[in-house]
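Here is the structure we will look at.
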Amino acid sequence: MTLRLRWAAVGCLLAALLPALALAADTCPDANADRLDRYRAGPACWPAIQVDASVDARPLGPLPPPPKVDRALRDLGETLFFDPRLSGSGQIACASCHDPEWGWADGRQVPYGHDRQRGRRNTPSVANAAFQQAQFWDGRAATLREQVLMPIANPEEMHGTPDGAVASINAVPGYAPLVRDAFGEATLNPERLADALAAYLTTVVTGPTRFDLFYGGDADALSEAEIRGLDLFRTSAGCMNCHHGPLFTDGQFHNLGLHFYGRKNEDQGRYAATGRKQDMGAFKTPGLRNVMATAPWMHNGKFTKMHGILSLYNAGGVHPRPKGAQQDDPLFPVTSPLLKPLHLSQTDLADLEAFLHSLDNQKTPYFKIPDLPR
């Protein structure tokens with residue numbers, strides 16, 4: 001099922017809920033009631049969101065169910081995901097950087113790859129990747145199936161090739177039954193490798209959160225500080241300009257001014273994938289589910305404290321100005337106009353951070369790393 005179809009299904013679900021929400025709205029506290037009570041009364045009673053006029057924000061809500069995948073294909077993909085024999089050295093697995101114990105990321109500023117080479121970008125979590133419109137910080141892969149082979153072939157990451165990876169797997173007798181169950185014959189090839197890994201990642205989703213419980217009617221699931229943070233998130237903090245919908249992301253690319261253009265740590269972001277001027281220094285908006293479990297943050301992993309990120313947004317982002325010869329550079333990046341000073345108090349920032357904690361998995365799912373075939 002394509003992403004467009006999945007979101008269409010979500011739209012149908014929301015449309016079906018509208019009559020019920022309309023009835024619920026009739027029982028909402030009046031507009032003069034305590035703002036927290038309006039939130040406790042349920043989503044139909046929540047105040048209207050505040051976003052820039054250019055933004056078509058989707059309402060917050062629970063995740064839709066992931067698309068169903070063949071169990072044998074998924075099981076093969078899971079085993080391959082944890083197998084370092086996919087790499088050129090035989091030492092680095094997909095899970096080396098996307099570890100379930102670290103929120104499907106790695107807890108580092110940037111990852112270590114082949115021969116301890118340091119990457120240039122922070123490892124994004126692969127949880128909920130199946131719902132994303134594009135993969136990687138720069139969106140250079142449009143699908144999971146396209147994405148999964150790229151780290152294998154990257155000389156700084158797994159330092160191998162898809163052909164070399166499947167040759168290593170086909171040489172392991174214990175894989176034959178798994179491959180046969182998934183494909184009807186015992187030989188793996190790069191296309192089947194991509195199918196299996198993508199099928200497994202489709203099933204890697206974040207768990208229920210306290211926000212989901214609150215959204216579903218449990219008025220006690222969030223503290224007062226968290227409800228105030230939710231209110232700020234939806235209104236005066238402007239978070240929903242970019243972080244909206246069930247994933248808490250618009251799936252788009254924005255320039256926060258953190259590109260270091262023309263400097264040592266320059267990262268061109270989306271521009272490197274598209275060559276479009278407007279994409280210079282822009283990076284994908286990450287989803288916020290389980291976000292507090294995936295520090296450090298941002299595309300370069302420079303932020304180790306969420307308070308620092310919230311303070312950055314409160315200040316209106318970073319707006320580098322061209323100097324010298326850069327004044328005539330047509331590619332000099334322009335920070336997103338969505339970023340403006342917010343004038344929030346320190347208490348407001350603390351409430352926002354409290355709310356972000358409510359987006360973490362309510363319980364850490366039990367996970368057992370599969371035994372690797374021999």
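Ordering of the structure tokens sets the chain letters (A, B, ...); residue numbers start at 1 within each chain; ligands are numbered from 1 in the order shown.
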Exercise for review: Excluding Ala53 in chain A and any residue of its chain fewer than 3 positions from it, enumerate the residues within 10 Å of it, using only C-alpha atoms, and give them as a PyMOL selection string.
Suggested key: chain A and resi 50+56-57+241+338
Write the residues you've just listed into a file as a PDB file, in the first residue's frame, and include N, CA and C atoms for each of them.
```pdb
ATOM      1  N   GLN A  50      -3.183  27.097  15.779  1.00  0.00           N
ATOM      2  CA  GLN A  50      -2.650  28.336  15.215  1.00  0.00           C
ATOM      3  C   GLN A  50      -1.423  27.994  14.368  1.00  0.00           C
ATOM      4  N   ASP A  56      -1.081  23.931   5.681  1.00  0.00           N
ATOM      5  CA  ASP A  56      -2.296  23.118   5.719  1.00  0.00           C
ATOM      6  C   ASP A  56      -2.050  21.990   6.720  1.00  0.00           C
ATOM      7  N   ALA A  57      -2.276  22.284   7.990  1.00  0.00           N
ATOM      8  CA  ALA A  57      -1.915  21.355   9.054  1.00  0.00           C
ATOM      9  C   ALA A  57      -2.976  20.278   9.238  1.00  0.00           C
ATOM     10  N   ASN A 241       3.246  24.268  12.692  1.00  0.00           N
ATOM     11  CA  ASN A 241       3.640  24.692  11.349  1.00  0.00           C
ATOM     12  C   ASN A 241       4.375  23.577  10.623  1.00  0.00           C
ATOM     13  N   LEU A 338       8.866  30.465   8.350  1.00  0.00           N
ATOM     14  CA  LEU A 338       8.003  29.977   9.423  1.00  0.00           C
ATOM     15  C   LEU A 338       8.628  30.196  10.794  1.00  0.00           C
TER      16      LEU A 338
END
```
Point to revise | Selection near Gln147 in chain A, 10 Å with only C-alpha atoms, sequence-local residues under 4 positions removed, as number ranges by chain | key: A: 134-136, 139-143, 151-152, 194, 197-198
Practice item. From a DSSP pass on the backbone, collect the residues of range 21-70 of chain A flagged as helix (DSSP H, G or I) and hand them back as a PyMOL selection string. Key: chain A and resi 21-25+35-40+43-45
Using only N, CA and C atoms, please write the residues we just selected to a file, as a short mmCIF file (atom, residue, chain, number, x, y, z; two decimals), in the first residue's frame.
```cif
data_model
loop_
_atom_site.label_atom_id
_atom_site.label_comp_id
_atom_site.auth_asym_id
_atom_site.auth_seq_id
_atom_site.Cartn_x
_atom_site.Cartn_y
_atom_site.Cartn_z
N LEU A 21 -17.58 13.42 16.66
CA LEU A 21 -16.91 14.57 17.23
C LEU A 21 -17.86 15.77 17.31
N ALA A 22 -18.70 15.90 16.30
CA ALA A 22 -19.66 17.01 16.32
C ALA A 22 -20.62 16.87 17.50
N LEU A 23 -21.08 15.62 17.77
CA LEU A 23 -21.95 15.41 18.92
C LEU A 23 -21.22 15.71 20.21
N ALA A 24 -19.92 15.28 20.27
CA ALA A 24 -19.14 15.54 21.47
C ALA A 24 -18.96 17.03 21.69
N ALA A 25 -18.83 17.78 20.59
CA ALA A 25 -18.63 19.22 20.70
C ALA A 25 -19.82 19.90 21.38
N ARG A 35 -9.07 26.54 30.33
CA ARG A 35 -8.51 25.99 29.09
C ARG A 35 -8.11 24.52 29.24
N LEU A 36 -7.59 24.16 30.41
CA LEU A 36 -7.21 22.77 30.62
C LEU A 36 -8.43 21.87 30.62
N ASP A 37 -9.57 22.35 31.16
CA ASP A 37 -10.78 21.55 31.15
C ASP A 37 -11.28 21.32 29.72
N ARG A 38 -11.06 22.30 28.86
CA ARG A 38 -11.47 22.11 27.47
C ARG A 38 -10.66 20.99 26.82
N TYR A 39 -9.39 20.90 27.18
CA TYR A 39 -8.58 19.80 26.65
C TYR A 39 -9.00 18.47 27.27
N ARG A 40 -9.29 18.46 28.55
CA ARG A 40 -9.69 17.21 29.20
C ARG A 40 -11.01 16.69 28.67
N PRO A 43 -10.78 15.82 22.17
CA PRO A 43 -10.31 16.56 21.00
C PRO A 43 -11.35 17.46 20.35
N ALA A 44 -12.61 17.06 20.41
CA ALA A 44 -13.65 17.89 19.80
C ALA A 44 -13.78 19.25 20.48
N CYS A 45 -13.26 19.34 21.72
CA CYS A 45 -13.39 20.58 22.50
C CYS A 45 -12.11 21.40 22.51
#
```
**Study point:** Residue among A:Leu60, A:Val69, A:Leu188, A:Ala295 lying closest to Ala167 in chain A, counting only C-alpha atoms
**Key:**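 Smallest separation from Ala167 in chain A among the options: A:Leu188.
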Review point. Nearest to Tyr313 in chain A among A:Leu258, A:Cys97, A:Leu372, A:Cys239, with distances taken over only C-alpha atoms: which residue is it?
Key: A:Cys239
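What separates CA of Lys68 in chain A from CA of Val204 in chain A is a distance of 11.8 Å.
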Check your understanding: What is the distance between CA of Asp138 in chain A and CA of Gln278 in chain A, in Å to one decimal?
Key ->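 Going from CA of Asp138 in chain A over to CA of Gln278 in chain A covers 13.0 Å.
Among the candidates A:Arg263, A:Tyr200, A:Tyr112, A:Gln132, the residue lying nearest to Thr285 in chain A is A:Gln132 (atoms considered: only C-alpha atoms).
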Practice item. Just the strand (DSSP E or B) stuff from range 152-309 of chain A, please, per backbone DSSP, written as a ChimeraX atom specification. Key: /A:209,253-254,269,282-284,297,303
Writing out the chosen residues with N, CA, C and O atoms as a compact mmCIF listing (two decimals), in the first residue's frame:
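Contents of part_29.txt, as written:
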```txt
# COMPACT_ATOMS: atom_id res chain seq x y z
N THR A 209 1.22 5.88 23.36
CA THR A 209 1.78 6.90 24.24
C THR A 209 0.71 7.42 25.18
O THR A 209 -0.49 7.18 24.99
N PHE A 253 10.64 19.59 4.04
CA PHE A 253 12.03 19.97 4.29
C PHE A 253 12.11 21.47 4.57
O PHE A 253 11.55 22.27 3.83
N HIS A 254 12.80 21.80 5.64
CA HIS A 254 12.86 23.20 6.06
C HIS A 254 14.29 23.58 6.43
O HIS A 254 15.07 22.76 6.93
N GLY A 269 22.18 19.67 2.67
CA GLY A 269 20.85 19.13 2.92
C GLY A 269 20.13 18.67 1.67
O GLY A 269 20.71 18.01 0.80
N ALA A 282 18.17 22.75 3.60
CA ALA A 282 16.90 22.28 4.16
C ALA A 282 17.00 20.80 4.53
O ALA A 282 17.61 20.01 3.81
N PHE A 283 16.36 20.42 5.64
CA PHE A 283 16.37 19.04 6.10
C PHE A 283 14.96 18.61 6.46
O PHE A 283 14.10 19.42 6.77
N LYS A 284 14.75 17.30 6.43
CA LYS A 284 13.41 16.75 6.67
C LYS A 284 12.96 16.99 8.11
O LYS A 284 13.74 16.85 9.05
N TRP A 297 19.86 15.39 19.00
CA TRP A 297 18.89 15.72 17.95
C TRP A 297 19.47 16.64 16.88
O TRP A 297 20.58 17.14 16.98
N PHE A 303 22.56 18.91 19.28
CA PHE A 303 21.76 19.29 20.45
C PHE A 303 21.56 18.08 21.36
O PHE A 303 20.94 17.09 20.97
```
Exercise for review: Mind giving me the straight-line distance from CA of Asn122 in chain A to CA of Arg108 in chain A in Å, one decimal?
Suggested key: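 Result for CA of Asn122 in chain A versus CA of Arg108 in chain A: 7.3 Å, one decimal.
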Exercise for review: Can you work out which one of A:Phe214, A:Ala273, A:Lys323, A:His243 has the shortest atom-to-atom distance to Glu226 in chain A, counting only C-alpha atoms?
Suggested key: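 Closest candidate: A:Phe214.
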Point to revise | Selected residue, from A:Asp267, A:Asp279, A:Asp220, A:Asp351, that lies nearest to His307 in chain A when counting only C-alpha atoms | key: A:Asp351
